[in-house]
$ cat work-v3.tsv   # TSV, C-alpha atoms
chain	number	residue	atom	x	y	z
A	240	MET	CA	70.28	44.15	-0.34
A	241	ASN	CA	69.11	41.44	2.01
A	242	ARG	CA	67.81	44.03	4.47
A	243	LEU	CA	65.95	45.87	1.68
A	244	ASN	CA	64.34	42.60	0.51
A	245	ILE	CA	63.20	41.80	4.03
A	246	LEU	CA	61.77	45.30	4.48
A	247	PHE	CA	59.95	45.07	1.11
A	248	PHE	CA	58.44	41.71	2.06
A	249	ILE	CA	57.22	43.05	5.42
A	250	THR	CA	55.64	46.08	3.69
A	251	LEU	CA	53.74	43.83	1.23
A	252	ASN	CA	52.42	41.71	4.09
A	253	VAL	CA	51.23	44.73	6.06
A	254	CYS	CA	49.52	46.35	3.05
A	255	PHE	CA	47.89	43.34	1.42
A	256	SER	CA	47.26	40.82	4.16
A	257	PRO	CA	43.88	42.41	5.12
A	258	VAL	CA	42.79	42.11	1.48
A	259	LEU	CA	43.96	38.51	1.26
A	260	THR	CA	42.34	37.70	4.59
A	261	PHE	CA	39.09	39.33	3.51
A	262	ALA	CA	39.16	37.42	0.22
A	263	GLN	CA	39.73	34.16	2.04
A	264	ASP	CA	36.91	34.85	4.50
A	265	LYS	CA	34.51	35.75	1.71
A	266	SER	CA	35.44	32.60	-0.16
A	267	ASP	CA	34.72	30.54	2.95
A	268	THR	CA	31.38	32.31	3.37
A	269	LEU	CA	30.32	31.54	-0.18
A	270	THR	CA	31.28	27.92	0.27
A	271	GLU	CA	29.17	27.63	3.42
A	272	GLU	CA	26.24	29.37	1.72
A	273	LEU	CA	26.49	26.94	-1.18
A	274	LYS	CA	26.61	23.99	1.17
A	275	THR	CA	23.61	25.30	3.09
A	276	SER	CA	21.66	25.84	-0.12
A	277	VAL	CA	22.37	22.33	-1.38
A	278	PHE	CA	21.53	20.83	2.00
A	279	ASN	CA	18.24	22.74	2.19
A	280	ASP	CA	17.28	21.48	-1.28
A	281	PHE	CA	17.91	17.85	-0.43
A	282	LYS	CA	16.83	17.66	3.20
A	283	HIS	CA	13.20	17.38	2.07
A	284	PHE	CA	13.94	14.23	0.06
A	285	LYS	CA	13.74	10.68	1.35
A	286	ILE	CA	14.93	7.79	-0.77
A	287	GLY	CA	14.18	4.19	0.10
A	288	PHE	CA	14.50	0.61	-1.07
A	289	TYR	CA	12.36	-2.43	-0.37
A	290	VAL	CA	12.90	-6.11	-1.14
A	291	ASP	CA	10.67	-9.03	-0.13
A	292	ALA	CA	11.10	-12.73	-1.02
A	293	TYR	CA	8.78	-15.64	-0.28
A	294	LEU	CA	8.29	-19.40	-0.33
A	295	ASN	CA	4.68	-20.58	-0.63
A	296	MET	CA	4.36	-24.33	0.12
A	297	GLU	CA	1.24	-26.38	-0.59
A	298	LEU	CA	0.07	-28.90	1.99
A	299	ASN	CA	-2.03	-30.81	-0.58
A	300	HIS	CA	0.54	-31.93	-3.12
A	301	ASN	CA	-1.77	-34.50	-4.70
A	302	ARG	CA	-3.99	-31.75	-6.08
A	303	ASP	CA	-3.79	-30.64	-9.69
A	304	THR	CA	-2.61	-27.03	-9.70
A	305	THR	CA	-1.16	-24.42	-12.00
A	306	LYS	CA	1.18	-23.28	-9.19
A	307	ILE	CA	-0.59	-19.92	-9.18
A	308	VAL	CA	-2.80	-19.33	-6.15
A	309	PRO	CA	-6.07	-17.58	-7.07
A	310	LEU	CA	-7.37	-14.53	-5.18
A	311	PHE	CA	-3.94	-13.72	-3.68
A	312	SER	CA	-2.54	-10.19	-3.71
A	313	ASN	CA	1.03	-11.42	-3.15
A	314	CYS	CA	2.95	-14.71	-2.65
A	315	THR	CA	1.08	-16.05	-5.68
A	316	MET	CA	3.44	-18.83	-6.85
A	317	THR	CA	3.73	-22.12	-4.95
A	318	ASP	CA	6.60	-24.49	-4.15
A	319	GLN	CA	9.44	-22.22	-5.24
A	320	ILE	CA	11.42	-19.32	-3.84
A	321	ARG	CA	10.24	-16.15	-5.55
A	322	LEU	CA	10.65	-12.38	-5.39
A	323	ASN	CA	7.51	-10.64	-4.19
A	324	VAL	CA	8.74	-7.09	-4.59
A	325	ALA	CA	11.90	-5.14	-5.37
A	326	ALA	CA	11.09	-1.46	-5.12
A	327	PHE	CA	12.58	2.02	-5.23
A	328	GLU	CA	10.86	4.83	-3.33
A	329	MET	CA	11.35	8.59	-3.36
A	330	TYR	CA	9.48	11.15	-1.27
A	331	TYR	CA	9.60	14.94	-1.12
A	332	ASP	CA	8.03	16.70	1.85
A	333	ALA	CA	8.41	20.47	2.25
A	334	GLU	CA	6.25	23.15	3.81
A	335	LYS	CA	4.17	23.85	0.71
A	336	VAL	CA	4.95	21.01	-1.69
A	337	ARG	CA	5.11	17.22	-1.40
A	338	GLY	CA	5.58	14.36	-3.80
A	339	LYS	CA	5.69	10.58	-3.93
A	340	MET	CA	7.11	8.06	-6.39
A	341	GLN	CA	7.19	4.26	-5.94
A	342	LEU	CA	8.54	1.95	-8.63
A	343	GLN	CA	8.23	-1.81	-8.21
A	344	TYR	CA	9.19	-5.12	-9.81
A	345	GLY	CA	8.50	-8.77	-8.94
A	346	ASP	CA	5.56	-11.17	-8.69
A	347	ALA	CA	3.16	-8.87	-6.81
A	348	PRO	CA	3.26	-6.09	-9.46
A	349	ASN	CA	2.58	-8.67	-12.19
A	350	LEU	CA	-0.70	-9.65	-10.57
A	351	LEU	CA	-3.53	-9.26	-13.11
A	352	ALA	CA	-1.32	-7.11	-15.32
A	353	ALA	CA	-2.97	-7.47	-18.72
A	354	GLN	CA	-1.02	-6.59	-21.83
A	355	ASP	CA	-2.85	-3.31	-22.35
A	356	LYS	CA	-2.08	-2.23	-18.77
A	357	GLN	CA	1.58	-3.16	-18.49
A	358	TRP	CA	2.63	0.37	-17.58
A	359	ILE	CA	0.59	0.24	-14.38
A	360	LYS	CA	2.35	-2.74	-12.85
A	361	ASN	CA	5.71	-1.01	-12.30
A	362	ILE	CA	4.31	2.31	-11.08
A	363	ARG	CA	2.84	1.82	-7.64
A	364	GLN	CA	2.25	5.49	-6.89
A	365	ALA	CA	3.25	8.80	-8.49
A	366	SER	CA	1.82	12.08	-7.24
A	367	ILE	CA	2.60	15.66	-6.35
A	368	GLY	CA	0.80	17.78	-3.75
A	369	PHE	CA	0.43	21.45	-2.86
A	370	ARG	CA	-0.58	23.02	0.44
A	371	ILE	CA	-3.71	25.14	0.06
A	372	SER	CA	-3.89	26.37	3.63
A	373	LYS	CA	-2.47	25.44	7.02
A	374	ASN	CA	-4.69	22.35	7.29
A	375	SER	CA	-5.50	21.45	3.68
A	376	TRP	CA	-3.68	19.83	0.75
A	377	THR	CA	-4.44	18.89	-2.82
A	378	ASP	CA	-2.61	16.01	-4.52
A	379	ILE	CA	-2.59	15.10	-8.21
A	380	GLY	CA	-1.42	11.90	-9.86
A	381	PHE	CA	-1.68	8.11	-9.60
A	382	MET	CA	-2.72	7.41	-6.00
A	383	PHE	CA	-4.18	4.67	-3.82
A	384	THR	CA	-7.71	5.01	-2.55
A	385	PRO	CA	-7.95	4.83	1.26
A	386	VAL	CA	-10.38	1.89	1.03
A	387	GLY	CA	-8.96	-1.03	3.05
A	388	SER	CA	-5.83	-1.27	5.17
A	389	GLU	CA	-4.06	-4.27	3.58
A	390	SER	CA	-1.38	-4.03	0.91
A	391	ALA	CA	0.22	-6.10	-1.85
A	392	TRP	CA	3.50	-5.17	-0.11
A	393	PRO	CA	3.83	-7.61	2.84
A	394	VAL	CA	5.85	-5.08	4.85
A	395	PHE	CA	2.68	-3.06	5.48
A	396	ASN	CA	0.67	-6.10	6.65
A	397	GLN	CA	0.79	-7.79	10.03
A	398	ILE	CA	0.12	-11.04	8.15
A	399	SER	CA	2.06	-11.04	4.88
A	400	THR	CA	-0.75	-12.28	2.64
A	401	ALA	CA	-3.82	-10.08	2.41
A	402	SER	CA	-7.40	-11.29	2.78
A	403	VAL	CA	-9.68	-12.27	-0.10
A	404	CYS	CA	-11.58	-9.10	0.79
A	405	ALA	CA	-8.55	-6.97	-0.08
A	406	TYR	CA	-8.21	-8.65	-3.49
A	407	PHE	CA	-11.51	-7.14	-4.63
A	408	GLU	CA	-11.24	-3.73	-2.99
A	409	PRO	CA	-10.90	-0.60	-5.14
A	410	GLY	CA	-7.26	0.06	-5.94
A	411	ALA	CA	-5.70	3.25	-7.30
A	412	ILE	CA	-7.11	6.15	-9.28
A	413	LEU	CA	-5.54	8.62	-11.66
A	414	GLY	CA	-6.93	11.92	-10.51
A	415	ILE	CA	-6.98	14.53	-7.76
A	416	THR	CA	-7.35	14.47	-3.96
A	417	PHE	CA	-8.39	17.18	-1.54
A	418	SER	CA	-7.76	16.56	2.17
A	419	TYR	CA	-8.45	18.67	5.23
A	420	LYS	CA	-7.44	18.33	8.90
A	421	PHE	CA	-10.28	19.61	11.08
A	422	SER	CA	-8.49	18.89	14.36
A	423	ASP	CA	-6.03	16.49	15.92
A	424	LYS	CA	-8.89	13.98	16.10
A	425	VAL	CA	-10.64	14.38	12.75
A	426	ASN	CA	-9.44	14.56	9.14
A	427	ALA	CA	-11.27	13.89	5.90
A	428	GLY	CA	-10.99	14.21	2.15
A	429	PHE	CA	-12.35	13.61	-1.31
A	430	MET	CA	-10.83	12.03	-4.42
A	431	ALA	CA	-11.98	12.11	-8.04
A	432	GLY	CA	-10.51	10.34	-11.03
A	433	SER	CA	-10.44	7.27	-13.24
A	434	PRO	CA	-10.08	3.96	-11.37
A	435	TYR	CA	-7.10	1.86	-12.42
A	436	SER	CA	-7.70	-1.15	-10.20
A	437	LEU	CA	-6.72	-4.13	-12.32
A	438	ALA	CA	-9.29	-6.29	-10.59
A	439	TYR	CA	-12.00	-3.92	-11.82
A	440	GLU	CA	-10.46	-3.32	-15.27
A	441	GLN	CA	-9.69	0.18	-16.46
A	442	SER	CA	-12.72	2.42	-16.70
A	443	SER	CA	-12.87	5.72	-18.54
A	444	HIS	CA	-15.62	6.99	-16.20
A	445	VAL	CA	-14.74	9.38	-13.38
A	446	ASN	CA	-15.32	7.93	-9.92
A	447	GLY	CA	-15.45	9.60	-6.52
A	448	VAL	CA	-13.94	8.59	-3.17
A	449	PHE	CA	-14.80	9.99	0.25
A	450	PHE	CA	-12.85	9.28	3.45
A	451	ILE	CA	-12.94	10.37	7.08
A	452	ASN	CA	-10.78	9.36	10.05
A	453	TYR	CA	-11.77	9.89	13.67
A	454	MET	CA	-9.39	9.35	16.60
A	455	PRO	CA	-11.37	9.73	19.84
A	456	LEU	CA	-8.40	8.31	21.76
A	457	LYS	CA	-4.70	8.19	20.99
A	458	ASN	CA	-4.89	4.41	20.70
A	459	LEU	CA	-8.23	4.19	18.85
A	460	THR	CA	-8.91	5.06	15.20
A	461	ILE	CA	-12.24	4.72	13.37
A	462	SER	CA	-12.27	5.21	9.59
A	463	TYR	CA	-14.99	5.26	6.96
A	464	ASN	CA	-14.04	5.19	3.27
A	465	ASN	CA	-16.05	4.65	0.11
A	466	MET	CA	-15.84	4.66	-3.66
A	467	PHE	CA	-18.74	5.40	-6.01
A	468	GLY	CA	-19.23	5.68	-9.75
A	469	ASN	CA	-19.91	3.82	-12.96
A	470	GLN	CA	-17.67	0.78	-13.35
A	471	ALA	CA	-18.78	-0.04	-16.89
A	472	LEU	CA	-16.50	0.69	-19.81
A	473	ARG	CA	-17.33	3.73	-21.91
A	474	ILE	CA	-18.55	1.53	-24.75
A	475	GLY	CA	-20.92	-0.38	-22.43
A	476	GLU	CA	-24.64	-0.03	-23.07
A	477	ILE	CA	-25.60	-0.59	-19.42
A	478	ASP	CA	-24.34	1.38	-16.44
A	479	ASN	CA	-22.86	-0.47	-13.47
A	480	ASN	CA	-22.99	2.13	-10.72
A	481	LEU	CA	-21.01	1.00	-7.70
A	482	LEU	CA	-21.08	2.14	-4.08
A	483	TYR	CA	-18.29	0.41	-2.14
A	484	ASN	CA	-18.13	1.09	1.61
A	485	ASP	CA	-15.34	0.31	4.06
A	486	ILE	CA	-15.32	0.65	7.86
A	487	LEU	CA	-12.05	0.12	9.72
A	488	ILE	CA	-11.44	0.15	13.48
A	489	SER	CA	-7.95	-0.05	14.98
A	490	TYR	CA	-7.34	-0.28	18.73
A	491	THR	CA	-4.06	-0.65	20.63
A	492	PRO	CA	-4.81	-1.23	24.33
A	493	ASN	CA	-1.10	-1.45	25.19
A	494	GLU	CA	2.30	-1.61	23.51
A	495	ASN	CA	2.13	-5.40	23.09
A	496	VAL	CA	-1.40	-5.86	21.75
A	497	SER	CA	-3.15	-4.44	18.69
A	498	LEU	CA	-6.65	-5.22	17.43
A	499	VAL	CA	-7.99	-4.43	13.97
A	500	GLY	CA	-11.40	-5.06	12.46
A	501	GLN	CA	-12.71	-4.28	8.99
A	502	PHE	CA	-16.16	-4.53	7.42
A	503	ASP	CA	-16.88	-3.88	3.72
A	504	PHE	CA	-20.24	-3.78	1.95
A	505	ALA	CA	-21.03	-2.81	-1.63
A	506	PHE	CA	-23.89	-2.41	-4.09
A	507	GLN	CA	-23.86	-2.29	-7.89
A	508	THR	CA	-26.69	-1.70	-10.35
A	509	ASN	CA	-27.56	-4.02	-13.25
A	510	SER	CA	-25.40	-6.78	-11.79
A	511	GLY	CA	-27.79	-9.42	-10.43
A	512	MET	CA	-27.62	-13.12	-11.10
A	513	ALA	CA	-29.67	-14.41	-14.06
A	514	PRO	CA	-32.49	-14.37	-14.88
A	515	ASP	CA	-32.92	-10.87	-13.38
A	516	THR	CA	-29.63	-9.23	-14.35
A	517	ASN	CA	-31.09	-5.72	-13.97
A	518	LYS	CA	-31.39	-5.91	-10.21
A	519	ILE	CA	-28.95	-4.39	-7.71
A	520	ALA	CA	-26.29	-6.85	-6.56
A	521	SER	CA	-24.69	-6.70	-3.11
A	522	MET	CA	-21.69	-8.13	-1.26
A	523	CYS	CA	-20.19	-8.00	2.20
A	524	SER	CA	-16.84	-9.03	3.63
A	525	GLY	CA	-14.61	-8.45	6.60
A	526	TRP	CA	-11.98	-9.69	9.00
A	527	LEU	CA	-10.85	-9.55	12.61
A	528	GLN	CA	-7.17	-9.55	13.50
A	529	CYS	CA	-5.20	-9.63	16.75
A	530	ARG	CA	-1.45	-9.15	17.16
A	531	TYR	CA	0.60	-9.88	20.28
A	532	SER	CA	4.28	-8.88	20.63
A	533	PHE	CA	6.64	-10.69	22.98
A	534	LEU	CA	10.35	-11.13	23.72
A	535	LYS	CA	11.12	-7.76	22.11
A	536	HIS	CA	11.74	-9.12	18.56
A	537	PHE	CA	8.83	-11.57	18.20
A	538	SER	CA	5.09	-11.29	17.55
A	539	ILE	CA	2.19	-13.58	16.69
A	540	THR	CA	-0.88	-12.53	14.68
A	541	GLY	CA	-4.17	-14.30	14.05
A	542	ARG	CA	-6.92	-13.38	11.58
A	543	TYR	CA	-10.39	-14.65	10.74
A	544	GLU	CA	-11.88	-13.50	7.41
A	545	TYR	CA	-14.95	-13.96	5.27
A	546	PHE	CA	-16.15	-12.86	1.83
A	547	TYR	CA	-19.75	-13.11	0.55
A	548	ASP	CA	-20.63	-12.08	-3.00
A	549	PRO	CA	-23.78	-14.10	-3.88
A	550	ASP	CA	-24.30	-12.41	-7.26
A	551	GLY	CA	-20.64	-12.62	-8.25
A	552	PHE	CA	-20.47	-9.04	-9.52
A	553	LEU	CA	-16.98	-8.71	-8.03
A	554	SER	CA	-15.75	-12.29	-7.73
A	555	GLY	CA	-17.25	-13.80	-10.87
A	556	LYS	CA	-19.63	-16.76	-11.15
A	557	TYR	CA	-19.01	-20.41	-10.23
A	558	THR	CA	-21.14	-23.42	-11.19
A	559	TYR	CA	-21.30	-26.55	-9.03
A	560	LYS	CA	-23.80	-29.39	-9.56
A	561	GLY	CA	-25.88	-27.26	-11.86
A	562	LYS	CA	-26.10	-24.28	-9.46
A	563	THR	CA	-24.42	-20.99	-10.29
A	564	THR	CA	-23.42	-18.60	-7.50
A	565	GLY	CA	-20.86	-15.96	-6.68
A	566	LEU	CA	-17.96	-16.56	-4.30
A	567	SER	CA	-18.56	-17.25	-0.61
A	568	ASP	CA	-15.32	-17.79	1.29
A	569	THR	CA	-14.06	-18.04	4.89
A	570	GLY	CA	-10.50	-18.30	6.10
A	571	LEU	CA	-8.02	-18.37	8.94
A	572	GLY	CA	-4.44	-17.10	9.07
A	573	ILE	CA	-1.78	-17.37	11.78
A	574	SER	CA	1.63	-15.69	11.46
A	575	ILE	CA	4.77	-15.64	13.62
A	576	GLU	CA	7.18	-12.79	12.96
A	577	TYR	CA	10.81	-12.24	13.98
A	578	LYS	CA	12.32	-8.77	13.55
A	579	PRO	CA	16.10	-8.97	14.09
A	580	VAL	CA	16.32	-5.23	13.37
A	581	LYS	CA	13.73	-2.53	12.89
A	582	ILE	CA	13.92	-2.49	9.08
A	583	ALA	CA	13.76	-6.27	8.50
A	584	TYR	CA	11.37	-9.14	9.19
A	585	ILE	CA	11.11	-12.92	8.84
A	586	ARG	CA	7.61	-14.45	8.95
A	587	MET	CA	6.08	-17.92	8.90
A	588	GLU	CA	2.37	-18.06	8.11
A	589	TYR	CA	-0.26	-20.78	7.97
A	590	LYS	CA	-3.26	-20.00	5.78
A	591	PHE	CA	-6.50	-21.92	5.34
A	592	LEU	CA	-9.30	-20.83	2.99
A	593	HIS	CA	-12.58	-22.59	2.33
A	594	ALA	CA	-15.02	-21.70	-0.46
A	595	ASN	CA	-18.61	-22.40	0.54
A	596	ASN	CA	-21.48	-23.59	-1.70
A	597	GLY	CA	-19.20	-26.13	-3.37
A	598	ASN	CA	-17.25	-23.44	-5.25
A	599	ASN	CA	-14.16	-25.24	-6.58
A	600	VAL	CA	-11.96	-22.16	-6.57
A	601	TYR	CA	-8.57	-23.65	-5.70
A	602	TYR	CA	-6.08	-26.10	-7.19
A	603	SER	CA	-7.08	-25.42	-10.81
A	604	ASN	CA	-10.80	-25.41	-9.88
A	605	THR	CA	-10.67	-28.93	-8.44
A	606	CYS	CA	-11.06	-28.15	-4.72
A	607	ASP	CA	-13.03	-25.87	-2.45
A	608	TYR	CA	-10.33	-25.41	0.20
A	609	LEU	CA	-6.70	-24.33	0.41
A	610	ASN	CA	-3.89	-25.21	2.85
A	611	LEU	CA	-0.58	-23.31	2.69
A	612	ILE	CA	2.56	-22.60	4.71
A	613	ILE	CA	4.17	-19.32	3.62
A	614	PHE	CA	7.58	-17.91	4.51
A	615	THR	CA	8.35	-14.25	3.76
A	616	THR	CA	11.39	-12.15	4.53
A	617	GLY	CA	11.99	-8.53	3.66
A	618	VAL	CA	14.02	-5.39	4.24
A	619	ARG	CA	12.75	-1.85	3.79
A	620	PHE	CA	14.61	1.34	4.62
A	621	TYR	CA	14.20	4.99	3.64
$ encode --input "work-v3.tsv" --output "structure tokens"
Amino acid sequence: MNRLNILFFITLNVCFSPVLTFAQDKSDTLTEELKTSVFNDFKHFKIGFYVDAYLNMELNHNRDTTKIVPLFSNCTMTDQIRLNVAAFEMYYDAEKVRGKMQLQYGDAPNLLAAQDKQWIKNIRQASIGFRISKNSWTDIGFMFTPVGSESAWPVFNQISTASVCAYFEPGAILGITFSYKFSDKVNAGFMAGSPYSLAYEQSSHVNGVFFINYMPLKNLTISYNNMFGNQALRIGEIDNNLLYNDILISYTPNENVSLVGQFDFAFQTNSGMAPDTNKIASMCSGWLQCRYSFLKHFSITGRYEYFYDPDGFLSGKYTYKGKTTGLSDTGLGISIEYKPVKIAYIRMEYKFLHANNGNNVYYSNTCDYLNLIIFTTGVRFY
């Protein structure tokens, strides 16, 4: 009996082992296909997180102040440790489709967030794009305009706090973008939609944006961007047609030095100072910035800025000794940065701003200048 059992067992192995082996191989193949499919679906995604905290210290403690610094795009609260931004980011980038979602919390998103616009403050960007041809894309959603290079997120700035110029630049629009790459040196595009810049207030009119970037050298970029359209609310009886222009030049002569310059100029109809409020108002602003890197993890950055809006159509009107003018402001910023690792930074910044024409802009409208020391530290990875 034992010999018969052994013979029967050997026969079963010979007859069915190919089937079992085949079944096992096929099972392994399906598992690998499933893994490959899942991997291919997720390899186009990038998920990131960003956190930035700050301490903004006044150097004029005897001044009356609300502890909120005017005309700041971030680091707005003084003499306390605060959270600038805590953000979640998700990107999708495939051959024919791309998408972007940025959600944010903290002091910077709360800037100018009126009650009827609360939904905007936590959504920084949300868009989806489709490739039209090899060199062209169209994107739809809530997107930043390309006007200006500074951000409310300090991580994108060489000096954490942005200029006064950036505070009044066009922000995001809810609409559509078409972009085209003409060559490795030239790309351009057009945007159309409703502006949702909180500094401008929400407008139900459709605005347009044009942008072009030219890179004659690998280390030199010249950009022109604009925004145009009616900034008045739909219920307004008078149109306020705006043309906002932005020229940006970025030059990196070597790996340790970078130079950036920006010049903005704008015009708006029916926005003049009284008594002739029907005239065209104008403004100009700009800044020059130089960054020098040393000792591998350290860098120092300096910036000079100015802002001139004599009719106050962007900055509002200020009255001093019986004279009413718009904002005229100059400033200086110096920042030292330490990057212990690539994804993190620690910065110390000195900032001085002076409002000309006796405009008491700062310290609860009691002073025409501002002195601050600002510490920021952040981590961003994706």
$ atom_distance --input "work-v3.tsv" --atom1 "CA of Leu481 in chain A" --atom2 "CA of Ala431 in chain A"
14.3 Å
$ closest_residue --input "work-v3.tsv" --among "A:Lys560, A:Lys424, A:Arg619, A:Lys373" --to "Lys581 in chain A" --atoms "only C-alpha atoms"
A:Arg619
$ closest_residue --input "work-v3.tsv" --among "A:Pro393, A:Gly525, A:Pro579, A:Pro514" --to "Tyr545 in chain A" --atoms "only C-alpha atoms"
A:Gly525
$ closest_residue --input "work-v3.tsv" --among "A:Ile477, A:Tyr406, A:Ser388, A:Gly561" --to "Phe502 in chain A" --atoms "only C-alpha atoms"
A:Ser388
$ closest_residue --input "work-v3.tsv" --among "A:Trp392, A:Phe284, A:Phe591, A:Tyr547" --to "Lys339 in chain A" --atoms "only C-alpha atoms"
A:Phe284
$ closest_residue --input "work-v3.tsv" --among "A:Thr540, A:Thr558, A:Asn313, A:Ser567" --to "Thr400 in chain A" --atoms "all atoms listed in the file"
A:Asn313
$ closest_residue --input "work-v3.tsv" --among "A:Ser462, A:Ser433, A:Thr516, A:Ser366" --to "Val386 in chain A" --atoms "all atoms listed in the file"
A:Ser462
$ residues_around --input "work-v3.tsv" --residues "Asp478 in chain A" --least-positions-apart "3" --cutoff "10 Å" --atoms "only C-alpha atoms" --output "list in words"
Gly468, Asn469, Gln470, Ala471, Leu472, Arg473, Gly475, Leu481, Gln507, Thr508, Asn509 and Ser510 of chain A
$ write_last_selection --input "work-v3.tsv" --atoms "C-alpha atoms" --output "compact mmCIF listing (two decimals), keeping the file's coordinate frame"
# COMPACT_ATOMS: atom_id res chain seq x y z
CA GLY A 468 -19.23 5.68 -9.75
CA ASN A 469 -19.91 3.82 -12.96
CA GLN A 470 -17.67 0.78 -13.35
CA ALA A 471 -18.78 -0.04 -16.89
CA LEU A 472 -16.50 0.69 -19.81
CA ARG A 473 -17.33 3.73 -21.91
CA GLY A 475 -20.92 -0.38 -22.43
CA LEU A 481 -21.01 1.00 -7.70
CA GLN A 507 -23.86 -2.29 -7.89
CA THR A 508 -26.69 -1.70 -10.35
CA ASN A 509 -27.56 -4.02 -13.25
CA SER A 510 -25.40 -6.78 -11.79
$ residues_around --input "work-v3.tsv" --residues "Leu310 in chain A" --least-positions-apart "5" --cutoff "12 Å" --atoms "all atoms listed in the file" --output "list in words"
Thr315, Met316, Leu350, Leu351, Ala391, Thr400, Ala401, Ser402, Val403, Cys404, Ala405, Tyr406, Phe407, Glu408, Ala438, Phe546, Leu553, Ser554, Gly555, Leu566, Asp568, Leu592, Ala594, Val600, Tyr601, Tyr602 and Leu609 of chain A
$ atom_distance --input "work-v3.tsv" --atom1 "CA of Arg542 in chain A" --atom2 "CA of Thr460 in chain A"
18.9 Å
$ atom_distance --input "work-v3.tsv" --atom1 "CA of Tyr419 in chain A" --atom2 "CA of Met382 in chain A"
16.9 Å
$ residues_near_point --input "work-v3.tsv" --point "(11.2, 9.9, -1.2)" --cutoff "9 Å" --atoms "all atoms listed in the file" --output "MDAnalysis selection string"
chainID A and resid 283:287 327:332 338:341 621
$ residues_around --input "work-v3.tsv" --residues "Leu413 in chain A" --least-positions-apart "6" --cutoff "7 Å" --atoms "all atoms listed in the file" --output "PyMOL selection string"
chain A and resi 380-382+432-435
$ residues_near_point --input "work-v3.tsv" --point "(2.0, -6.6, 16.2)" --cutoff "9 Å" --atoms "only C-alpha atoms" --output "list in words"
Gln397, Glu494, Asn495, Val496, Ser497, Leu498, Cys529, Arg530, Tyr531, Ser532, Phe537, Ser538, Ile539, Thr540 and Glu576 of chain A
$ residues_around --input "work-v3.tsv" --residues "Val618 in chain A" --least-positions-apart "3" --cutoff "10 Å" --atoms "all atoms listed in the file" --output "PyMOL selection string"
chain A and resi 288-292+325+394+580-585
$ residues_around --input "work-v3.tsv" --residues "Gly447 in chain A" --least-positions-apart "5" --cutoff "6 Å" --atoms "only C-alpha atoms" --output "PyMOL selection string"
chain A and resi 430-431+466-467
$ write_last_selection --input "work-v3.tsv" --atoms "C-alpha atoms" --output "compact mmCIF listing (two decimals), in the frame of the given file"
# COMPACT_ATOMS: atom_id res chain seq x y z
CA MET A 430 -10.83 12.03 -4.42
CA ALA A 431 -11.98 12.11 -8.04
CA MET A 466 -15.84 4.66 -3.66
CA PHE A 467 -18.74 5.40 -6.01
